[in-house]
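Source file protein05.cif; content: mmCIF, C-alpha atoms.
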```
data_model
#
loop_
_atom_site.label_atom_id
_atom_site.label_comp_id
_atom_site.auth_asym_id
_atom_site.auth_seq_id
_atom_site.Cartn_x
_atom_site.Cartn_y
_atom_site.Cartn_z
CA MET A 1 -15.29 -5.56 -3.40
CA LYS A 2 -15.29 -2.10 -4.95
CA LEU A 3 -13.50 -1.51 -8.22
CA SER A 4 -14.56 2.13 -8.46
CA PHE A 5 -13.39 5.01 -6.31
CA SER A 6 -15.44 7.46 -4.27
CA PRO A 7 -15.26 11.25 -4.76
CA GLU A 8 -13.14 11.41 -1.59
CA ASP A 9 -10.73 8.86 -3.05
CA GLU A 10 -10.49 10.80 -6.31
CA GLN A 11 -9.73 13.93 -4.29
CA PHE A 12 -6.95 11.96 -2.60
CA ARG A 13 -5.70 10.97 -6.07
CA GLN A 14 -5.47 14.63 -7.05
CA GLU A 15 -3.62 15.39 -3.81
CA ILE A 16 -0.85 12.83 -4.36
CA ALA A 17 -0.64 13.58 -8.11
CA SER A 18 -0.24 17.29 -7.42
CA TRP A 19 2.36 16.68 -4.70
CA LEU A 20 4.43 14.47 -7.01
CA GLN A 21 4.17 16.97 -9.86
CA LEU A 22 5.37 19.73 -7.54
CA ASN A 23 8.15 17.80 -5.79
CA LEU A 24 9.53 15.36 -8.37
CA THR A 25 11.36 18.29 -9.94
CA GLY A 26 14.63 20.14 -9.55
CA GLU A 27 17.23 17.92 -7.89
CA PHE A 28 14.78 14.99 -8.05
CA GLU A 29 13.86 15.34 -11.75
CA LYS A 30 16.72 13.01 -12.73
CA LEU A 31 15.27 10.27 -10.53
CA ARG A 32 12.07 9.89 -12.56
CA PHE A 33 11.55 6.32 -13.80
CA ARG A 34 14.96 5.31 -12.38
CA GLY A 35 16.03 2.91 -9.66
CA GLY A 36 13.79 0.04 -10.70
CA PRO A 37 14.77 -3.61 -11.32
CA GLY A 38 18.10 -3.78 -13.11
CA ASP A 39 18.71 -0.10 -12.31
CA GLU A 40 19.09 -0.34 -8.54
CA HIS A 41 22.58 1.17 -8.47
CA THR A 42 21.27 4.47 -9.83
CA PHE A 43 21.38 7.53 -7.54
CA PRO A 44 21.26 5.64 -4.21
CA GLU A 45 22.20 8.69 -2.13
CA GLU A 46 19.71 10.92 -3.93
CA ARG A 47 16.99 8.29 -3.49
CA LYS A 48 17.70 8.23 0.25
CA VAL A 49 17.09 11.99 0.28
CA TRP A 50 13.94 11.44 -1.79
CA GLU A 51 12.74 8.94 0.83
CA GLN A 52 12.98 11.66 3.47
CA LYS A 53 11.23 14.09 1.13
CA LEU A 54 8.34 11.65 0.87
CA ALA A 55 8.28 11.43 4.66
CA GLU A 56 8.11 15.20 5.01
CA GLY A 57 5.04 15.17 2.78
CA GLY A 58 3.45 12.33 4.76
CA TRP A 59 3.84 9.85 1.88
CA THR A 60 5.75 7.07 3.57
CA CYS A 61 3.93 4.20 5.29
CA VAL A 62 0.62 5.47 3.93
CA GLY A 63 -1.18 2.28 4.95
CA TRP A 64 0.07 2.26 8.53
CA SER A 65 -2.27 3.51 11.21
CA GLN A 66 -1.73 7.01 12.53
CA GLU A 67 -0.89 5.47 15.91
CA TYR A 68 2.41 4.28 14.43
CA GLY A 69 3.14 7.39 12.37
CA GLY A 70 1.42 6.35 9.15
CA ARG A 71 -1.21 8.15 7.15
CA GLY A 72 -4.00 5.67 7.92
CA CYS A 73 -5.01 5.40 4.28
CA SER A 74 -7.75 3.03 3.22
CA ILE A 75 -7.00 0.14 0.88
CA GLU A 76 -8.48 2.15 -2.00
CA GLN A 77 -6.21 5.09 -1.24
CA GLN A 78 -3.17 2.82 -1.06
CA VAL A 79 -4.03 1.52 -4.53
CA ILE A 80 -4.33 5.11 -5.75
CA PHE A 81 -0.96 6.00 -4.21
CA PHE A 82 0.77 3.13 -6.05
CA GLU A 83 -0.93 4.09 -9.32
CA GLU A 84 -0.04 7.77 -9.17
CA TYR A 85 3.50 7.13 -7.96
CA ALA A 86 4.11 4.83 -10.93
CA ARG A 87 2.52 7.25 -13.44
CA ALA A 88 4.62 10.15 -12.15
CA GLY A 89 7.81 8.13 -12.56
CA GLY A 90 8.52 7.95 -8.85
CA PRO A 91 11.97 6.36 -8.38
CA GLY A 92 12.49 2.89 -6.93
CA ARG A 93 11.97 3.08 -3.18
CA VAL A 94 15.01 2.36 -1.02
CA GLY A 95 12.74 2.30 2.03
CA HIS A 96 10.32 -0.34 0.77
CA ILE A 97 11.81 -3.22 2.80
CA GLY A 98 11.33 -1.35 6.05
CA GLU A 99 7.95 0.08 5.13
CA GLY A 100 6.47 -3.02 3.53
CA LEU A 101 8.10 -5.86 5.45
CA ALA A 102 9.91 -4.96 8.67
CA GLY A 103 7.40 -2.37 9.88
CA PRO A 104 4.19 -4.41 9.56
CA THR A 105 5.94 -7.36 11.24
CA ILE A 106 7.15 -5.26 14.17
CA ILE A 107 3.65 -3.82 14.51
CA ALA A 108 2.14 -7.32 14.61
CA PHE A 109 4.71 -9.15 16.74
CA GLY A 110 7.12 -6.62 18.25
CA SER A 111 7.26 -5.38 21.81
CA GLU A 112 6.17 -1.87 22.68
CA ALA A 113 9.83 -0.90 23.14
CA GLN A 114 10.67 -2.23 19.66
CA LYS A 115 7.80 -0.30 18.12
CA GLN A 116 8.91 2.93 19.77
CA LYS A 117 12.54 2.38 18.77
CA TYR A 118 12.26 1.23 15.15
CA LEU A 119 8.99 2.44 13.62
CA PRO A 120 9.74 6.21 13.69
CA GLY A 121 12.96 5.67 11.72
CA ILE A 122 11.07 3.78 9.03
CA VAL A 123 8.38 6.45 8.79
CA SER A 124 10.98 9.24 8.56
CA GLY A 125 12.86 7.45 5.77
CA LYS A 126 16.10 7.70 7.74
CA GLU A 127 16.41 4.04 8.75
CA LEU A 128 16.78 1.58 5.85
CA TRP A 129 16.35 -2.17 6.23
CA CYS A 130 17.48 -5.37 4.56
CA GLN A 131 16.23 -8.95 4.84
CA GLY A 132 18.39 -11.78 6.19
CA TYR A 133 16.51 -14.86 5.03
CA SER A 134 18.18 -16.80 2.18
CA GLU A 135 21.43 -18.67 2.64
CA PRO A 136 23.62 -20.72 0.31
CA GLY A 137 21.57 -23.89 -0.12
CA SER A 138 18.56 -22.44 1.74
CA GLY A 139 16.53 -20.35 -0.68
CA SER A 140 13.01 -21.57 -1.31
CA ASP A 141 13.67 -24.25 1.34
CA LEU A 142 14.06 -21.52 3.93
CA ALA A 143 13.51 -23.82 6.91
CA SER A 144 16.85 -25.51 6.18
CA LEU A 145 18.82 -22.37 7.15
CA GLN A 146 21.99 -22.93 9.18
CA THR A 147 23.08 -19.51 10.51
CA ARG A 148 23.39 -20.19 14.24
CA ALA A 149 22.57 -17.99 17.22
CA VAL A 150 23.89 -19.26 20.56
CA SER A 151 22.55 -17.85 23.82
CA ASP A 152 25.17 -16.04 25.92
CA GLY A 153 23.73 -14.08 28.82
CA ASP A 154 21.65 -11.21 27.52
CA ASP A 155 22.88 -11.70 23.95
CA TYR A 156 22.82 -14.13 21.07
CA VAL A 157 26.16 -14.80 19.37
CA ILE A 158 25.62 -15.29 15.63
CA ASN A 159 27.80 -17.12 13.13
CA GLY A 160 26.93 -17.92 9.52
CA THR A 161 26.04 -16.18 6.28
CA LYS A 162 23.09 -14.77 4.36
CA ILE A 163 22.98 -14.37 0.59
CA TRP A 164 21.10 -12.36 -2.08
CA THR A 165 20.61 -9.69 0.59
CA THR A 166 19.10 -6.70 -1.20
CA HIS A 167 20.43 -3.27 -0.09
CA ALA A 168 22.63 -4.73 2.68
CA HIS A 169 25.42 -2.40 1.53
CA PHE A 170 23.53 0.71 2.64
CA ALA A 171 20.94 -0.61 5.11
CA ASN A 172 21.08 0.44 8.76
CA MET A 173 19.17 -2.58 10.02
CA MET A 174 18.45 -6.20 9.11
CA PHE A 175 15.64 -8.49 10.17
CA CYS A 176 17.12 -11.95 10.24
CA LEU A 177 16.20 -15.59 10.74
CA VAL A 178 18.67 -17.62 12.77
CA ARG A 179 18.74 -21.18 14.08
CA THR A 180 18.57 -21.40 17.86
CA ASP A 181 17.70 -25.09 18.13
CA ALA A 182 18.60 -27.97 15.81
CA SER A 183 17.07 -30.79 17.83
CA GLY A 184 13.54 -30.89 16.39
CA LYS A 185 11.73 -30.10 13.17
CA PRO A 186 13.56 -27.44 11.15
CA GLN A 187 10.75 -24.88 11.47
CA GLU A 188 10.64 -25.27 15.26
CA GLY A 189 14.19 -24.06 15.94
CA ILE A 190 14.19 -20.67 14.18
CA THR A 191 14.25 -17.25 15.86
CA PHE A 192 13.54 -13.80 14.36
CA LEU A 193 16.05 -11.07 15.26
CA LEU A 194 16.56 -7.37 14.50
CA ILE A 195 20.24 -6.64 13.85
CA ASP A 196 22.07 -3.31 13.69
CA MET A 197 24.27 -3.50 10.56
CA ALA A 198 27.00 -1.52 12.34
CA THR A 199 27.51 -4.34 14.85
CA PRO A 200 31.13 -5.62 14.94
CA GLY A 201 31.62 -8.90 13.09
CA ILE A 202 29.29 -8.16 10.16
CA LYS A 203 30.90 -8.14 6.73
CA VAL A 204 29.03 -7.28 3.53
CA GLU A 205 30.40 -8.52 0.20
CA PRO A 206 28.80 -7.39 -3.12
CA ILE A 207 27.25 -9.77 -5.64
CA ILE A 208 27.16 -8.23 -9.12
CA THR A 209 24.17 -9.41 -11.13
CA LEU A 210 23.93 -10.32 -14.81
CA ALA A 211 22.67 -6.78 -15.42
CA GLY A 212 25.88 -5.36 -13.95
CA GLU A 213 24.05 -4.22 -10.82
CA HIS A 214 25.21 -4.06 -7.23
CA GLU A 215 21.81 -4.66 -5.69
CA VAL A 216 22.37 -7.86 -3.71
CA ASN A 217 25.08 -9.01 -1.35
CA GLN A 218 26.40 -11.83 0.78
CA VAL A 219 26.52 -10.99 4.48
CA PHE A 220 28.87 -12.83 6.86
CA PHE A 221 28.43 -13.04 10.65
CA ASP A 222 31.52 -13.74 12.77
CA ASP A 223 30.68 -13.88 16.50
CA VAL A 224 28.13 -11.07 16.09
CA ARG A 225 26.49 -10.21 19.41
CA VAL A 226 22.80 -9.24 19.23
CA PRO A 227 20.86 -8.29 22.38
CA LYS A 228 17.99 -10.64 23.20
CA LYS A 229 15.76 -7.59 23.49
CA ASN A 230 16.03 -7.46 19.68
CA ARG A 231 14.19 -10.76 19.35
CA VAL A 232 10.73 -10.48 17.80
CA GLY A 233 8.37 -13.11 19.19
CA GLU A 234 9.48 -16.06 21.26
CA GLU A 235 12.72 -17.97 20.90
CA ASN A 236 12.33 -20.86 18.43
CA ASP A 237 9.01 -19.44 17.19
CA GLY A 238 10.49 -17.26 14.45
CA TRP A 239 8.88 -19.35 11.74
CA THR A 240 5.48 -17.95 12.76
CA VAL A 241 6.81 -14.41 12.38
CA ALA A 242 8.60 -15.27 9.13
CA LYS A 243 5.47 -16.68 7.47
CA TYR A 244 3.52 -13.54 8.34
CA LEU A 245 6.22 -11.36 6.79
CA LEU A 246 6.41 -13.49 3.64
CA GLU A 247 2.73 -12.77 2.95
CA PHE A 248 3.62 -9.08 2.59
CA GLU A 249 6.74 -9.83 0.52
CA ARG A 250 4.74 -11.90 -1.94
CA GLY A 251 1.62 -9.75 -1.99
CA GLY A 252 2.97 -6.50 -3.36
CA ALA A 253 1.32 -4.18 -5.85
CA TYR A 254 2.46 -4.94 -9.40
CA ALA A 255 -0.28 -3.64 -11.69
CA ALA A 256 0.37 0.11 -11.55
CA GLY A 257 4.03 -0.17 -12.51
CA LEU A 258 3.30 -2.77 -15.19
CA SER A 259 0.76 -0.51 -16.88
CA VAL A 260 3.34 2.27 -17.09
CA LYS A 261 5.96 -0.14 -18.49
CA LEU A 262 3.49 -1.43 -21.10
CA GLU A 263 2.84 2.09 -22.31
CA LYS A 264 6.58 2.69 -22.66
CA VAL A 265 6.88 -0.53 -24.68
CA ARG A 266 4.06 0.64 -26.93
CA GLN A 267 5.79 3.98 -27.50
CA VAL A 268 9.10 2.33 -28.42
CA ALA A 269 7.35 -0.16 -30.72
CA SER A 270 5.60 2.70 -32.51
CA GLN A 271 9.03 4.11 -33.44
CA GLN A 272 10.64 0.83 -34.53
CA PRO A 273 10.17 -0.59 -38.06
CA ASN A 274 9.01 -4.19 -38.35
CA GLY A 275 10.99 -4.94 -41.52
CA THR A 276 8.30 -3.91 -43.99
CA GLY A 277 8.42 -0.20 -43.29
CA ALA A 278 5.45 -0.20 -40.90
CA PRO A 279 5.91 0.40 -37.14
CA LEU A 280 6.40 -2.71 -35.02
CA SER A 281 3.33 -1.68 -33.01
CA GLU A 282 1.23 -2.43 -36.13
CA ASP A 283 2.76 -5.86 -36.70
CA PRO A 284 -0.13 -8.36 -36.20
CA ALA A 285 1.90 -10.85 -34.14
CA PHE A 286 3.42 -8.20 -31.87
CA LYS A 287 0.11 -6.37 -31.57
CA ARG A 288 -1.61 -9.60 -30.50
CA ARG A 289 1.02 -10.37 -27.87
CA LEU A 290 0.86 -6.81 -26.56
CA GLY A 291 -2.92 -7.06 -26.27
CA GLU A 292 -2.74 -10.43 -24.52
CA THR A 293 -0.23 -9.07 -22.04
CA GLU A 294 -2.41 -6.02 -21.37
CA ILE A 295 -5.26 -8.38 -20.51
CA GLN A 296 -2.97 -10.25 -18.12
CA ALA A 297 -1.99 -6.98 -16.46
CA LYS A 298 -5.65 -5.94 -16.11
CA ALA A 299 -6.58 -9.31 -14.61
CA LEU A 300 -3.70 -8.89 -12.17
CA GLU A 301 -4.99 -5.42 -11.23
CA ILE A 302 -8.43 -6.84 -10.43
CA THR A 303 -6.85 -9.64 -8.38
CA GLU A 304 -4.83 -7.05 -6.46
CA HIS A 305 -8.00 -5.13 -5.66
CA ARG A 306 -9.67 -8.32 -4.47
CA ILE A 307 -6.78 -9.30 -2.23
CA MET A 308 -6.45 -5.75 -0.88
CA ALA A 309 -10.13 -5.95 0.05
CA ASP A 310 -9.27 -9.11 2.01
CA ILE A 311 -6.44 -7.23 3.73
CA ALA A 312 -8.89 -4.51 4.74
CA ARG A 313 -11.07 -7.17 6.34
CA THR A 314 -8.43 -9.45 7.92
CA GLY A 315 -5.35 -7.23 8.27
CA GLN A 316 -3.02 -9.46 6.21
CA PRO A 317 -2.87 -10.90 2.69
CA GLY A 318 -3.05 -14.59 3.62
CA PRO A 319 -2.10 -17.39 1.21
CA ALA A 320 -3.73 -15.55 -1.70
CA SER A 321 -0.60 -13.38 -1.74
CA SER A 322 1.04 -16.32 -3.53
CA MET A 323 -1.34 -15.69 -6.43
CA LEU A 324 -0.01 -12.15 -6.79
CA LYS A 325 3.59 -13.28 -6.54
CA ALA A 326 3.21 -15.92 -9.25
CA ARG A 327 1.10 -13.93 -11.69
CA GLY A 328 2.84 -10.64 -10.96
CA THR A 329 6.33 -11.93 -11.69
CA GLU A 330 5.23 -13.87 -14.78
CA THR A 331 3.44 -10.83 -16.20
CA THR A 332 6.51 -8.74 -15.42
CA GLN A 333 8.66 -11.16 -17.40
CA ALA A 334 6.18 -11.17 -20.29
CA ILE A 335 6.39 -7.36 -20.50
CA ASP A 336 10.18 -7.50 -20.30
CA GLU A 337 10.21 -9.88 -23.27
CA LEU A 338 8.05 -7.47 -25.26
CA SER A 339 10.36 -4.60 -24.30
CA VAL A 340 13.50 -6.25 -25.68
CA GLU A 341 11.60 -7.30 -28.81
CA ALA A 342 10.52 -3.69 -29.29
CA LEU A 343 14.14 -2.55 -29.05
CA ASP A 344 15.14 -5.06 -31.74
CA TYR A 345 18.89 -4.92 -32.45
CA TYR A 346 19.26 -1.91 -30.11
CA VAL A 347 18.96 -4.31 -27.19
CA GLY A 348 22.40 -5.68 -28.07
CA PRO A 349 24.74 -2.82 -27.06
CA TRP A 350 25.91 -2.98 -23.45
CA GLN A 351 25.22 0.53 -22.14
CA PHE A 352 26.12 0.23 -18.48
CA GLU A 353 28.08 3.50 -18.53
CA GLY A 354 25.03 5.28 -19.92
CA ARG A 355 23.08 4.30 -16.81
CA GLN A 356 25.56 5.85 -14.40
CA PRO A 357 24.66 9.00 -12.46
CA GLY A 358 25.83 12.07 -14.35
CA ALA A 359 26.57 10.17 -17.56
CA ASN A 360 26.80 12.39 -20.65
CA ILE A 361 26.89 9.47 -23.08
CA LYS A 362 24.25 9.54 -25.78
CA PRO A 363 22.23 6.27 -25.75
CA ILE A 364 22.51 3.94 -28.72
CA GLY A 365 18.95 3.67 -29.98
CA PRO A 366 15.86 4.63 -27.95
CA VAL A 367 16.67 6.08 -24.53
CA GLU A 368 14.47 3.40 -22.94
CA GLY A 369 17.03 0.85 -24.04
CA ILE A 370 19.38 1.71 -21.20
CA THR A 371 16.81 0.41 -18.69
CA PHE A 372 14.81 -2.14 -20.75
CA GLN A 373 17.75 -4.48 -21.22
CA PRO A 374 18.94 -4.58 -17.56
CA SER A 375 15.34 -4.86 -16.36
CA TYR A 376 14.88 -7.92 -18.56
CA LEU A 377 18.08 -9.50 -17.21
CA ASN A 378 17.30 -8.65 -13.59
CA ASN A 379 13.72 -9.93 -13.68
CA ARG A 380 14.67 -13.38 -14.91
CA ALA A 381 15.13 -14.04 -11.18
CA ALA A 382 11.72 -12.63 -10.24
CA SER A 383 9.99 -16.00 -10.48
CA ILE A 384 12.62 -17.49 -8.12
CA TYR A 385 13.23 -14.97 -5.34
CA GLY A 386 10.73 -14.56 -2.51
CA GLY A 387 9.89 -18.25 -2.90
CA SER A 388 9.90 -19.73 -6.40
CA ASN A 389 6.67 -19.74 -8.37
CA GLU A 390 6.59 -23.53 -8.09
CA VAL A 391 6.49 -23.09 -4.30
CA GLN A 392 3.74 -20.47 -4.68
CA ARG A 393 1.62 -22.90 -6.69
CA ASN A 394 2.00 -25.53 -3.98
CA ILE A 395 0.79 -22.99 -1.42
CA MET A 396 -2.17 -22.05 -3.62
CA ALA A 397 -3.08 -25.68 -4.19
CA LYS A 398 -3.03 -26.48 -0.49
CA LEU A 399 -4.27 -23.34 1.25
CA VAL A 400 -6.36 -21.56 -1.40
CA LEU A 401 -7.87 -24.45 -3.38
CA GLY A 402 -7.81 -27.00 -0.55
CA LEU A 403 -6.26 -29.75 -2.69
#
```
Since I need it in another form, could you write the structure as structure tokens?
Amino acid sequence: MKLSFSPEDEQFRQEIASWLQLNLTGEFEKLRFRGGPGDEHTFPEERKVWEQKLAEGGWTCVGWSQEYGGRGCSIEQQVIFFEEYARAGGPGRVGHIGEGLAGPTIIAFGSEAQKQKYLPGIVSGKELWCQGYSEPGSGSDLASLQTRAVSDGDDYVINGTKIWTTHAHFANMMFCLVRTDASGKPQEGITFLLIDMATPGIKVEPIITLAGEHEVNQVFFDDVRVPKKNRVGEENDGWTVAKYLLEFERGGAYAAGLSVKLEKVRQVASQQPNGTGAPLSEDPAFKRRLGETEIQAKALEITEHRIMADIARTGQPGPASSMLKARGTETTQAIDELSVEALDYYVGPWQFEGRQPGANIKPIGPVEGITFQPSYLNNRAASIYGGSNEVQRNIMAKLVLGL
């Protein structure tokens, strides 16, 4: 495993850094450092346009092969892209579900017709996806899902509901797990479908989070007809497809964004008094916790590099992705806790209006406060969604450690 970058990779770093410096300006300047956890409602239409701007520059799907419209970047270059995007303040990606989850799954399991139909829209940033996995009562125990799909000629007729569906309110497409057979083991009767969100019978209802965000939704299916040609893999074998996709959901890149957030916390702490007249950043207890968290973030970065090296060799993250999910979300929460401590009493005011697009309200306290507080509230769920961290540790114990 290499932890250093070649001259060619550093040239690539300069290329993406220069492109972001040139393009994250003008109409996109207001998007910098916005649209992250707890701030998902911010500038959704503008971020859709930004997604297409990235595509024009060749900066979507950078890890996909050129055969499917990607840039064909090496693992090292993908790491560099994440690092520079975070440093430049690139806004939260509205296309990440299609690029990081739907696309790789269609490439691995989809038919040639499905690849030709769906992959170009993901690459162009024009087709946005959401994930139909969780249901009421079927979160981490995903195999217990009850949304039914009944065969009817060339279609499946779907009835049921999905919950906590991120971006369903503006997604064009959903990849969805449905039950097609209830006679055997739960995992054996699940099928993986691609569903057009404009199909009659689909209703999307918002769920407003503790942070005041409309990021997630409940989606209802009432006699929704989906062509069987939209099935990925074989009928009743969707669990195989779903497990593959979950490796990508749980194995994301955390370290670059966390390093940027830590630096912001340090800046805020340097401006806040600790009660004795000295900056909070010089308080021994806070300084120690900040240092310990930095070490955690660096260890996570090294783990990401190691797992990305495995991806380069095998093509998928494997069960080690559970390590990233558990440590990544816990380190995220640790940084969030430091961020609200750095804000001190300024974390108290509810400044939802100040986060709205076009707001001309002066923030109460440090400007970072308008995103630190909602990020903290939003990320309390990070160790639950995508499979709780307790589930991740079971996977690590069984498949990584062989216990």
To test your reading of the syntax: which residues would the PyMOL selection byres ((chain A and resi 19) around 12) return for the file shown? Reply as a ChimeraX atom specification. /A:12-18,20-25,53-54,56-59,81,84-85,88,90
Do you know which residues the PyMOL selection byres ((chain A and resi 331-347) around 6) returns on this file, as an NGL selection string? :A and (265 or 269 or 327-330 or 348-349 or 365 or 376)
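Across the model, the gap from atom CA of Val62 of chain A to atom CA of Glu76 of chain A is 11.4 Å.
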Counting only C-alpha atoms, which of A:Trp164, A:Trp64, A:Phe192, A:Trp350 gets nearest to Asn236 of chain A? A:Phe192
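Of note, atom CA of Ser111 of chain A and atom CA of Lys229 of chain A are spaced 8.9 Å apart.
If only C-alpha atoms are the atoms counted, then among A:Pro279, A:Gly98, A:Pro91, A:Pro273 the closest residue to His41 of chain A is A:Pro91.
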When distances are computed from only C-alpha atoms, which of A:Ser138, A:Val94, A:Val123, A:Tyr254 shows the smallest separation from Gln296 of chain A? A:Tyr254
Taking only residues of segment 193-221 of chain A that have an atom at most 12 Å from an atom of segment 177-184 of chain A, what is each one's shortest atom pair and its distance in Å to one decimal, using only C-alpha atoms, in chain and number order, as CSV?
```
residue,atom,partner,partner_atom,distance
A:Leu193,CA,A:Leu177,CA,6.4
A:Leu194,CA,A:Leu177,CA,9.0
A:Ile195,CA,A:Leu177,CA,10.3
A:Phe221,CA,A:Val178,CA,11.0
```
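The shortest atom-to-atom distance to Ser321 of chain A, with only C-alpha atoms taken into account, belongs to A:Gln392 out of A:Asn379, A:Gly291, A:Lys48, A:Gln392.
Comparing the minimum interatomic distances between Trp239 of chain A and each of A:Ile190, A:Leu377, A:Leu258, A:Leu403, counting all atoms listed in the file, we find that A:Ile190 sits nearest.
Once Leu142 of chain A and its same-chain neighbours fewer than 6 positions away are set aside, Tyr133, Ser134, Glu135, Leu177, Pro186, Gln187, Trp239, Ala242 and Gly387 of chain A remain within 10 Å of it when counting only C-alpha atoms.
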Evaluate the PyMOL selection byres ((chain A and resi 224) around 12) here and jot the selected residues down as a ChimeraX atom specification. /A:147-152,155-161,178,195-203,219-223,225-227
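In terms of minimum interatomic distance to Gly35 of chain A, A:Arg93 ranks closest within A:Thr60, A:Arg93, A:Lys115, A:Ile107, counting only C-alpha atoms.
In this model, the gap between atom CA of Phe5 of chain A and atom CA of Phe82 of chain A comes to 14.3 Å.
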For Val268 of chain A, work out the shell of residues within 9 Å, counting all atoms listed in the file and skipping chain neighbours fewer than 4 positions away, then give it as an mmCIF file with C-alpha atoms, keeping the file's coordinate frame.
```cif
data_model
loop_
_atom_site.group_PDB
_atom_site.id
_atom_site.type_symbol
_atom_site.label_atom_id
_atom_site.label_comp_id
_atom_site.auth_asym_id
_atom_site.auth_seq_id
_atom_site.Cartn_x
_atom_site.Cartn_y
_atom_site.Cartn_z
ATOM 1 C CA GLU A 263 2.840 2.090 -22.310
ATOM 2 C CA LYS A 264 6.580 2.690 -22.660
ATOM 3 C CA GLN A 272 10.640 0.830 -34.530
ATOM 4 C CA LEU A 280 6.400 -2.710 -35.020
ATOM 5 C CA SER A 281 3.330 -1.680 -33.010
ATOM 6 C CA SER A 339 10.360 -4.600 -24.300
ATOM 7 C CA ALA A 342 10.520 -3.690 -29.290
ATOM 8 C CA LEU A 343 14.140 -2.550 -29.050
ATOM 9 C CA PRO A 366 15.860 4.630 -27.950
ATOM 10 C CA GLU A 368 14.470 3.400 -22.940
#
```
Need the shell around Ser140 of chain A: protein/DNA/RNA residues with any atom at most 8 Å away, counting all atoms listed in the file. Skip same-chain ones fewer than 6 positions apart. Format as an MDAnalysis selection string? chainID A and resid 134 384:388 391
Shell of 10 Å around Glu213 of chain A, only C-alpha atoms, local chain residues under 2 positions omitted, as a PDB file with C-alpha atoms, in the frame of the given file:
```pdb
ATOM      1  CA  PRO A  37      14.770  -3.610 -11.320  1.00  0.00           C
ATOM      2  CA  GLY A  38      18.100  -3.780 -13.110  1.00  0.00           C
ATOM      3  CA  ASP A  39      18.710  -0.100 -12.310  1.00  0.00           C
ATOM      4  CA  GLU A  40      19.090  -0.340  -8.540  1.00  0.00           C
ATOM      5  CA  HIS A  41      22.580   1.170  -8.470  1.00  0.00           C
ATOM      6  CA  THR A  42      21.270   4.470  -9.830  1.00  0.00           C
ATOM      7  CA  PRO A 206      28.800  -7.390  -3.120  1.00  0.00           C
ATOM      8  CA  ILE A 207      27.250  -9.770  -5.640  1.00  0.00           C
ATOM      9  CA  ILE A 208      27.160  -8.230  -9.120  1.00  0.00           C
ATOM     10  CA  THR A 209      24.170  -9.410 -11.130  1.00  0.00           C
ATOM     11  CA  LEU A 210      23.930 -10.320 -14.810  1.00  0.00           C
ATOM     12  CA  ALA A 211      22.670  -6.780 -15.420  1.00  0.00           C
ATOM     13  CA  GLU A 215      21.810  -4.660  -5.690  1.00  0.00           C
ATOM     14  CA  VAL A 216      22.370  -7.860  -3.710  1.00  0.00           C
ATOM     15  CA  PHE A 352      26.120   0.230 -18.480  1.00  0.00           C
ATOM     16  CA  PRO A 374      18.940  -4.580 -17.560  1.00  0.00           C
ATOM     17  CA  ASN A 378      17.300  -8.650 -13.590  1.00  0.00           C
TER      18      ASN A 378
END
```
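Excluding Ala320 of chain A itself and any same-chain residue fewer than 3 positions from it, the protein and nucleic acid residues within 7 Å of it, counting all atoms listed in the file, are Ile307, Pro317, Met323, Met396 and Val400 of chain A.
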